[in-house]
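Pasting structure05.txt here (compact mmCIF, C-alpha atoms and all ligand atoms):
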# COMPACT_ATOMS: atom_id res chain seq x y z
CA MET A 761 -36.44 106.91 -77.75
CA GLU A 762 -33.16 105.63 -76.32
CA GLY A 763 -32.02 109.22 -75.67
CA LEU A 764 -35.27 110.03 -73.97
CA ASP A 765 -35.08 106.92 -71.78
CA ARG A 766 -31.68 107.79 -70.49
CA LYS A 767 -32.78 111.29 -69.57
CA THR A 768 -35.98 110.39 -67.80
CA GLU A 769 -34.55 109.70 -64.38
CA SER A 770 -37.15 111.95 -62.84
CA LEU A 771 -39.85 109.61 -64.09
CA VAL A 772 -40.58 106.66 -61.86
CA PHE A 773 -38.98 103.90 -63.93
CA ASP A 774 -37.16 103.88 -67.23
CA LYS A 775 -38.07 101.65 -70.13
CA ARG A 776 -35.50 98.92 -69.34
CA THR A 777 -36.83 98.63 -65.78
CA MET A 778 -40.43 98.44 -66.99
CA THR A 779 -39.49 95.68 -69.43
CA ALA A 780 -37.67 93.73 -66.71
CA LEU A 781 -40.63 94.21 -64.40
CA TYR A 782 -43.14 92.90 -66.97
CA LYS A 783 -40.87 89.97 -67.77
CA ILE A 784 -40.42 88.82 -64.20
CA MET A 785 -44.08 89.33 -63.39
CA GLU A 786 -44.95 87.08 -66.30
CA ASP A 787 -42.30 84.46 -65.50
CA LEU A 788 -43.22 84.20 -61.83
CA SER A 789 -46.97 84.73 -62.21
CA ILE A 790 -46.93 87.91 -60.17
CA GLY A 791 -50.39 89.23 -60.81
CA TYR A 792 -50.51 92.29 -58.69
CA ILE A 793 -48.21 94.92 -57.21
CA ASP A 794 -49.42 96.33 -53.94
CA TYR A 795 -48.04 99.30 -52.02
CA PRO A 796 -44.41 100.48 -51.91
CA VAL A 797 -42.81 99.35 -48.65
CA SER A 798 -39.86 101.67 -48.96
CA SER A 799 -38.42 104.13 -51.41
CA GLY A 800 -34.81 105.15 -51.06
CA LYS A 801 -31.90 106.52 -52.99
CA GLU A 802 -30.86 103.20 -54.42
CA SER A 803 -33.95 101.09 -54.58
CA VAL A 804 -37.70 100.89 -54.25
CA VAL A 805 -39.28 97.90 -52.51
CA PHE A 806 -42.88 96.88 -53.19
CA LYS A 807 -45.16 94.30 -51.73
CA ALA A 808 -46.54 92.18 -54.55
CA PHE A 809 -48.54 88.99 -54.94
CA MET A 810 -47.31 85.82 -56.58
CA LYS A 811 -50.11 83.31 -56.97
CA LYS A 812 -51.87 85.10 -54.12
CA LYS A 813 -48.84 84.85 -51.81
CA PRO A 814 -47.05 88.04 -50.77
CA VAL A 815 -43.53 88.64 -52.11
CA ALA A 816 -41.15 91.57 -51.91
CA LEU A 817 -40.09 93.14 -55.17
CA LYS A 818 -36.90 95.21 -54.97
CA ILE A 819 -36.21 97.45 -57.94
CA PHE A 820 -32.70 98.85 -58.11
CA LYS A 821 -32.51 102.28 -59.62
CA ILE A 822 -30.56 102.04 -62.84
CA SER A 823 -28.19 104.93 -62.30
CA THR A 824 -27.29 104.34 -58.68
CA ILE A 825 -24.34 101.99 -58.58
CA LYS A 826 -21.31 104.24 -58.71
CA PHE A 827 -18.01 102.95 -59.99
CA SER A 828 -16.43 103.49 -56.57
CA THR A 829 -19.05 101.23 -54.96
CA LEU A 830 -18.51 98.58 -57.57
CA GLU A 831 -14.79 98.80 -57.07
CA LYS A 832 -15.15 98.42 -53.34
CA TYR A 833 -17.58 95.51 -53.17
CA ILE A 834 -17.32 93.62 -56.45
CA TYR A 835 -13.67 93.77 -57.41
CA GLY A 836 -11.93 91.49 -54.97
CA ASP A 837 -14.89 89.15 -54.64
CA ARG A 838 -13.65 86.12 -56.53
CA ARG A 839 -17.16 84.98 -57.34
CA PHE A 840 -17.67 87.99 -59.62
CA GLU A 841 -14.18 88.55 -61.00
CA LYS A 842 -14.98 87.51 -64.53
CA GLU A 843 -18.22 89.44 -64.90
CA ARG A 844 -18.81 92.35 -67.25
CA LYS A 845 -18.80 95.51 -65.22
CA ASP A 846 -19.64 98.22 -67.74
CA ARG A 847 -21.59 101.27 -66.80
CA SER A 848 -24.91 100.35 -68.32
CA THR A 849 -25.13 96.84 -66.87
CA ARG A 850 -23.43 97.13 -63.49
CA VAL A 851 -26.74 97.53 -61.66
CA PHE A 852 -27.83 94.16 -63.10
CA LEU A 853 -24.71 92.57 -61.67
CA TRP A 854 -25.49 94.21 -58.31
CA CYS A 855 -29.01 92.77 -58.34
CA ARG A 856 -27.75 89.31 -59.28
CA LYS A 857 -25.11 89.55 -56.57
CA GLU A 858 -27.83 90.22 -53.99
CA PHE A 859 -29.78 87.22 -55.31
CA ILE A 860 -26.74 84.92 -55.12
CA ASN A 861 -25.85 86.18 -51.64
CA LEU A 862 -29.39 85.46 -50.47
CA GLN A 863 -29.13 81.94 -51.90
CA GLU A 864 -25.86 81.33 -50.09
CA LEU A 865 -27.21 82.68 -46.82
CA HIS A 866 -30.15 80.40 -47.14
CA LYS A 867 -28.07 77.35 -47.85
CA ALA A 868 -26.02 78.08 -44.76
CA GLY A 869 -29.07 78.53 -42.55
CA VAL A 870 -28.94 82.28 -42.00
CA ASN A 871 -32.30 84.04 -41.57
CA ALA A 872 -32.71 86.17 -44.67
CA PRO A 873 -35.51 86.57 -47.21
CA ILE A 874 -35.75 83.50 -49.46
CA PRO A 875 -34.68 84.53 -52.97
CA ILE A 876 -37.31 83.76 -55.60
CA GLY A 877 -36.04 85.23 -58.86
CA TYR A 878 -34.53 88.21 -60.64
CA ASN A 879 -34.48 89.85 -64.01
CA LYS A 880 -32.04 92.65 -64.82
CA ASN A 881 -32.50 95.12 -61.93
CA VAL A 882 -35.61 93.57 -60.38
CA LEU A 883 -35.27 91.11 -57.49
CA VAL A 884 -38.11 89.04 -56.05
CA MET A 885 -37.84 87.53 -52.59
CA GLN A 886 -39.86 86.35 -49.64
CA TYR A 887 -41.93 89.11 -48.07
CA LEU A 888 -41.23 89.63 -44.39
CA GLY A 889 -44.16 90.99 -42.48
CA SER A 890 -47.77 90.36 -41.70
CA ALA A 891 -50.89 90.89 -43.78
CA LYS A 892 -51.16 94.28 -42.11
CA SER A 893 -47.63 95.66 -42.30
CA PRO A 894 -44.02 94.91 -43.28
CA ALA A 895 -41.71 93.62 -40.55
CA PRO A 896 -40.13 96.45 -38.55
CA LEU A 897 -36.46 97.33 -38.73
CA LEU A 898 -34.44 96.29 -35.69
CA LYS A 899 -34.03 100.04 -35.12
CA ASN A 900 -37.78 100.49 -34.63
CA CYS A 901 -38.76 97.27 -32.93
CA ASP A 902 -39.35 96.79 -29.28
CA GLY A 903 -38.35 93.34 -28.31
CA ASP A 904 -36.16 91.57 -25.87
CA PHE A 905 -32.82 93.05 -26.89
CA ASP A 906 -30.74 90.61 -24.84
CA SER A 907 -32.14 87.68 -26.71
CA LEU A 908 -32.12 89.49 -30.08
CA PHE A 909 -28.42 90.18 -29.60
CA LYS A 910 -27.77 86.54 -28.84
CA VAL A 911 -29.57 85.38 -31.97
CA ILE A 912 -27.87 88.03 -34.15
CA LYS A 913 -24.48 86.99 -32.77
CA ASN A 914 -25.18 83.38 -33.75
CA GLN A 915 -26.50 84.42 -37.15
CA MET A 916 -23.34 86.45 -37.74
CA TRP A 917 -21.29 83.39 -36.78
CA THR A 918 -23.15 81.21 -39.28
CA MET A 919 -22.87 83.87 -41.97
CA TYR A 920 -19.12 84.22 -41.44
CA ASN A 921 -18.22 80.58 -40.91
CA LYS A 922 -20.77 78.62 -42.92
CA ALA A 923 -21.76 80.97 -45.77
CA ARG A 924 -18.27 82.47 -45.54
CA LEU A 925 -19.65 85.93 -46.24
CA VAL A 926 -19.33 89.37 -44.66
CA HIS A 927 -22.49 91.49 -44.83
CA ALA A 928 -20.55 94.78 -45.12
CA ASP A 929 -23.53 97.02 -44.31
CA LEU A 930 -24.90 95.38 -41.20
CA SER A 931 -26.67 97.63 -38.74
CA GLU A 932 -30.08 98.15 -37.12
CA TYR A 933 -31.19 99.56 -40.52
CA ASN A 934 -30.60 96.30 -42.41
CA ILE A 935 -32.10 93.80 -39.99
CA LEU A 936 -35.85 93.16 -39.96
CA VAL A 937 -37.55 91.52 -37.01
CA HIS A 938 -40.07 89.04 -38.39
CA LYS A 939 -42.12 86.81 -36.08
CA GLY A 940 -39.71 87.64 -33.28
CA LYS A 941 -36.62 86.59 -35.27
CA PRO A 942 -33.97 88.84 -36.80
CA TYR A 943 -33.50 88.60 -40.59
CA PHE A 944 -30.53 90.08 -42.43
CA ILE A 945 -31.53 92.04 -45.54
CA ASP A 946 -29.88 94.27 -48.16
CA VAL A 947 -26.98 92.02 -49.17
CA GLY A 948 -25.98 93.53 -52.52
CA GLN A 949 -22.66 94.72 -51.11
CA THR A 950 -22.03 91.49 -49.18
CA VAL A 951 -18.63 90.01 -50.05
CA ASP A 952 -16.95 86.69 -49.54
CA ARG A 953 -14.49 86.21 -46.70
CA ASP A 954 -11.49 86.27 -48.98
CA HIS A 955 -12.21 89.77 -50.24
CA PRO A 956 -9.19 91.98 -49.45
CA SER A 957 -11.34 94.32 -47.34
CA ALA A 958 -13.36 91.57 -45.62
CA ASP A 959 -11.73 92.17 -42.21
CA GLU A 960 -12.36 95.88 -42.36
CA PHE A 961 -16.02 95.33 -43.38
CA LEU A 962 -16.50 92.75 -40.63
CA GLU A 963 -15.11 95.08 -37.99
CA ARG A 964 -17.43 97.84 -39.15
CA ASP A 965 -20.44 95.46 -38.97
CA ILE A 966 -19.42 94.41 -35.48
CA PHE A 967 -18.96 98.02 -34.41
CA ASN A 968 -22.46 99.00 -35.68
CA ILE A 969 -24.17 96.05 -34.05
CA CYS A 970 -22.43 96.46 -30.70
CA ASN A 971 -23.08 100.19 -30.68
CA PHE A 972 -26.78 99.67 -31.27
CA PHE A 973 -27.16 97.01 -28.59
CA ARG A 974 -25.15 98.99 -26.04
CA ARG A 975 -27.58 101.88 -26.54
CA LYS A 976 -30.32 99.38 -25.69
CA GLY A 977 -28.55 98.42 -22.47
CA VAL A 978 -27.03 95.14 -23.68
CA PRO A 979 -23.36 94.72 -22.71
CA ALA A 980 -22.20 94.11 -26.29
CA ASP A 981 -18.45 94.17 -26.70
CA ALA A 982 -16.84 94.44 -30.14
CA LYS A 983 -13.64 92.62 -29.22
CA GLU A 984 -15.56 89.75 -27.71
CA LEU A 985 -17.85 89.49 -30.72
CA LEU A 986 -14.87 89.41 -33.09
CA LYS A 987 -13.33 86.65 -31.00
CA PHE A 988 -16.60 84.76 -31.01
CA LEU A 989 -16.87 84.99 -34.81
CA ASN A 990 -13.33 83.70 -35.19
CA GLY A 991 -13.78 80.81 -32.81
CA GLU A 992 -15.62 77.55 -32.57
CA LYS A 993 -19.33 77.97 -32.09
CA VAL A 994 -20.53 77.11 -28.62
CA GLU A 995 -24.28 77.01 -28.19
N1 LIG B 1 -38.03 90.98 -48.01
C1 LIG B 1 -38.57 92.07 -47.50
N2 LIG B 1 -39.77 92.04 -46.88
C2 LIG B 1 -40.32 93.15 -46.34
N3 LIG B 1 -39.74 94.37 -46.38
C3 LIG B 1 -38.55 94.48 -46.99
C4 LIG B 1 -37.91 93.36 -47.58
N4 LIG B 1 -36.73 93.77 -48.12
C5 LIG B 1 -36.65 95.09 -47.87
N5 LIG B 1 -37.73 95.55 -47.19
C6 LIG B 1 -37.98 96.93 -46.76
O1 LIG B 1 -37.43 97.82 -47.73
C7 LIG B 1 -36.43 98.65 -47.14
C8 LIG B 1 -35.28 98.85 -48.13
O2 LIG B 1 -34.69 97.61 -48.45
P1 LIG B 1 -33.13 97.43 -48.52
O3 LIG B 1 -32.51 97.79 -47.23
O4 LIG B 1 -32.87 96.07 -49.06
O5 LIG B 1 -32.77 98.46 -49.66
P2 LIG B 1 -31.72 99.68 -49.70
O6 LIG B 1 -30.84 99.42 -50.83
O7 LIG B 1 -31.16 99.95 -48.35
O8 LIG B 1 -32.63 100.82 -50.11
P3 LIG B 1 -32.47 102.34 -49.72
O9 LIG B 1 -31.95 102.98 -50.94
O10 LIG B 1 -33.89 102.62 -49.37
O11 LIG B 1 -31.55 102.44 -48.54
C9 LIG B 1 -36.02 97.93 -45.87
O12 LIG B 1 -35.57 98.84 -44.91
C10 LIG B 1 -37.29 97.22 -45.45
O13 LIG B 1 -38.10 98.09 -44.70
MG MG B 2 -31.06 99.07 -46.49
Take the structure I supplied and represent it as structure tokens, if you would.
Amino acid sequence: MEGLDRKTESLVFDKRTMTALYKIMEDLSIGYIDYPVSSGKESVVFKAFMKKKPVALKIFKISTIKFSTLEKYIYGDRRFEKERKDRSTRVFLWCRKEFINLQELHKAGVNAPIPIGYNKNVLVMQYLGSAKSPAPLLKNCDGDFDSLFKVIKNQMWTMYNKARLVHADLSEYNILVHKGKPYFIDVGQTVDRDHPSADEFLERDIFNICNFFRRKGVPADAKELLKFLNGEKVE
């Protein structure tokens, strides 16, 4: 059976994932999995119901986390230095890292989905969206971009200075606009500020955000944003 499980990547989920899914559904009283919100290379996100309330269920594909990714975003993050990082369990570490990052963002007051629980490679968090549809990506939303930029700038400040984290994959593809407010998502790769590549990741995040907002007509300047993130917050 073991051999078969490892070879069945073309099937939807392997046995370990199914077991983790059953376990977390039981533990959190998730009675019902609704439609898939998104299905990508690295994960599948479903809307599900926990005691009748909607939650998002993110299932990380077992084979996705490459060693090079792990090396880049986990080695160097002091919080995870002592963890086991072997091939068969690294995706679990990735999932737990996303959970812990969400907790830290929350504590610091950054808008991000509230983490609810995890088991192995299955993460459960607050569902962002309405009864009708999931919240749109920043990329696809039509809002007041001047004010969205202002809020995102402040959220980035709080993330960098209060949570002391760098998102490391921030762009219009990893921000959802929920009830008019931007929420940062997809924080598995997020590292702490002391990571040796933190500056490089931060500059890339800044570059992506400024590029997007400039295309929307907002005068977003990367140098200014970097200075803002490194300075005292002025409301
Ligand atoms: N908490 C949530 N509530 C509602 N929708 C969500 C939530 N989290 C993620 N999504 C949706 O699922 C998509 C994928 O999530 P995420 O960005 O975290 O995963 P990913 O690792 O980038 O996956 P992929 O392999 O698809 O790129 C998001 O673009 C968003 O549309
Ligand atoms: Mg994403």
For the interface of chain A with ligand LIG 1 (chain B) (cut-off 6 Å, counting all atoms listed in the file), please tabulate each contacting residue of chain A alongside its nearest pair of atoms and their separation in Å to one decimal, rows sorted by chain and increasing number, as a tab-separated table.
residue	atom	partner	partner_atom	distance
A:Val797	CA	B:LIG1	O1	5.7
A:Ser798	CA	B:LIG1	O1	4.7
A:Ser799	CA	B:LIG1	O10	5.2
A:Gly800	CA	B:LIG1	O10	3.2
A:Lys801	CA	B:LIG1	O9	4.1
A:Glu802	CA	B:LIG1	O9	3.7
A:Ser803	CA	B:LIG1	O9	4.6
A:Val805	CA	B:LIG1	O1	5.1
A:Ala816	CA	B:LIG1	N1	5.0
A:Pro873	CA	B:LIG1	N1	5.1
A:Met885	CA	B:LIG1	N1	5.7
A:Gln886	CA	B:LIG1	N1	5.2
A:Tyr887	CA	B:LIG1	N2	3.8
A:Leu888	CA	B:LIG1	N2	3.8
A:Gly889	CA	B:LIG1	C2	5.9
A:Pro894	CA	B:LIG1	C2	5.1
A:Ala895	CA	B:LIG1	C2	6.0
A:Asn934	CA	B:LIG1	O3	5.4
A:Ile945	CA	B:LIG1	O4	5.5
A:Asp946	CA	B:LIG1	O4	3.6
Can you list, as a VMD selection string, every protein, DNA or RNA residue that comes within 9 Å of Asn914 of chain A when you count only C-alpha atoms, leaving out same-chain residues fewer than 3 positions away?
chain A and resid 909 to 911 917 to 919 989 993 995
Got time to write the residues from that selection, C-alpha atoms, as a short mmCIF file (atom, residue, chain, number, x, y, z; two decimals), in the frame of the given file?
data_model
loop_
_atom_site.label_atom_id
_atom_site.label_comp_id
_atom_site.auth_asym_id
_atom_site.auth_seq_id
_atom_site.Cartn_x
_atom_site.Cartn_y
_atom_site.Cartn_z
CA PHE A 909 -28.42 90.18 -29.60
CA LYS A 910 -27.77 86.54 -28.84
CA VAL A 911 -29.57 85.38 -31.97
CA TRP A 917 -21.29 83.39 -36.78
CA THR A 918 -23.15 81.21 -39.28
CA MET A 919 -22.87 83.87 -41.97
CA LEU A 989 -16.87 84.99 -34.81
CA LYS A 993 -19.33 77.97 -32.09
CA GLU A 995 -24.28 77.01 -28.19
#
So that each row is one residue of segment 857-915 of chain A with an atom at most 12 Å from segment 823-840 of chain A, can you give its shortest atom pair and the distance in Å to one decimal, using all atoms listed in the file, rows by chain and rising number, as JSON lines?
{"residue": "A:Lys857", "atom": "CA", "partner": "A:Phe840", "partner_atom": "CA", "distance": 8.2}
{"residue": "A:Glu858", "atom": "CA", "partner": "A:Ile834", "partner_atom": "CA", "distance": 11.3}
{"residue": "A:Ile860", "atom": "CA", "partner": "A:Arg839", "partner_atom": "CA", "distance": 9.8}
{"residue": "A:Asn861", "atom": "CA", "partner": "A:Arg839", "partner_atom": "CA", "distance": 10.5}
{"residue": "A:Glu864", "atom": "CA", "partner": "A:Arg839", "partner_atom": "CA", "distance": 11.9}
{"residue": "A:Asn881", "atom": "CA", "partner": "A:Ser823", "partner_atom": "CA", "distance": 10.7}
Need to verify the contact set: Pro979 of chain A, 10 Å, all atoms listed in the file, exclusion of same-chain residues closer than 5 positions in sequence. Can you return it as number ranges by chain?
A: 906, 909, 970-971, 973-974
Which residue gives the smallest distance to ligand MG 2 (chain B) among A:Gly940, A:Gly869, A:Gly903, A:Gly948, with only C-alpha atoms and all ligand atoms counted?
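Distance minimum relative to ligand MG 2 (chain B) lands on A:Gly948.
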I'd like the interatomic distance between atom CA of Lys913 of chain A and atom CA of Asp959 of chain A, to a tenth of an Å.
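Interatomic distance, atom CA of Lys913 of chain A to atom CA of Asp959 of chain A: 16.7 Å.
The smallest atom-to-atom distance between ligand MG 2 (chain B) and any of A:Lys880, A:Arg844, A:Lys983, A:Lys818, using all atoms listed in the file, is found for A:Lys818.
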If I take atom CA of Ile784 of chain A and atom CA of Tyr943 of chain A, how far is one from the other in Å, to one decimal?
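We find that atom CA of Ile784 of chain A and atom CA of Tyr943 of chain A lie 24.6 Å from each other.
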Atomic separation - atom CA of Val870 of chain A relative to atom CA of Val884 of chain A, Å:
18.1 Å
Between A:His927, A:Arg975, A:His955, A:Lys987, which residue has the minimum interatomic distance to ligand MG 2 (chain B), considering all atoms listed in the file?
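Checking each of A:His927, A:Arg975, A:His955, A:Lys987 against ligand MG 2 (chain B), counting all atoms listed in the file, the winner is A:His927.
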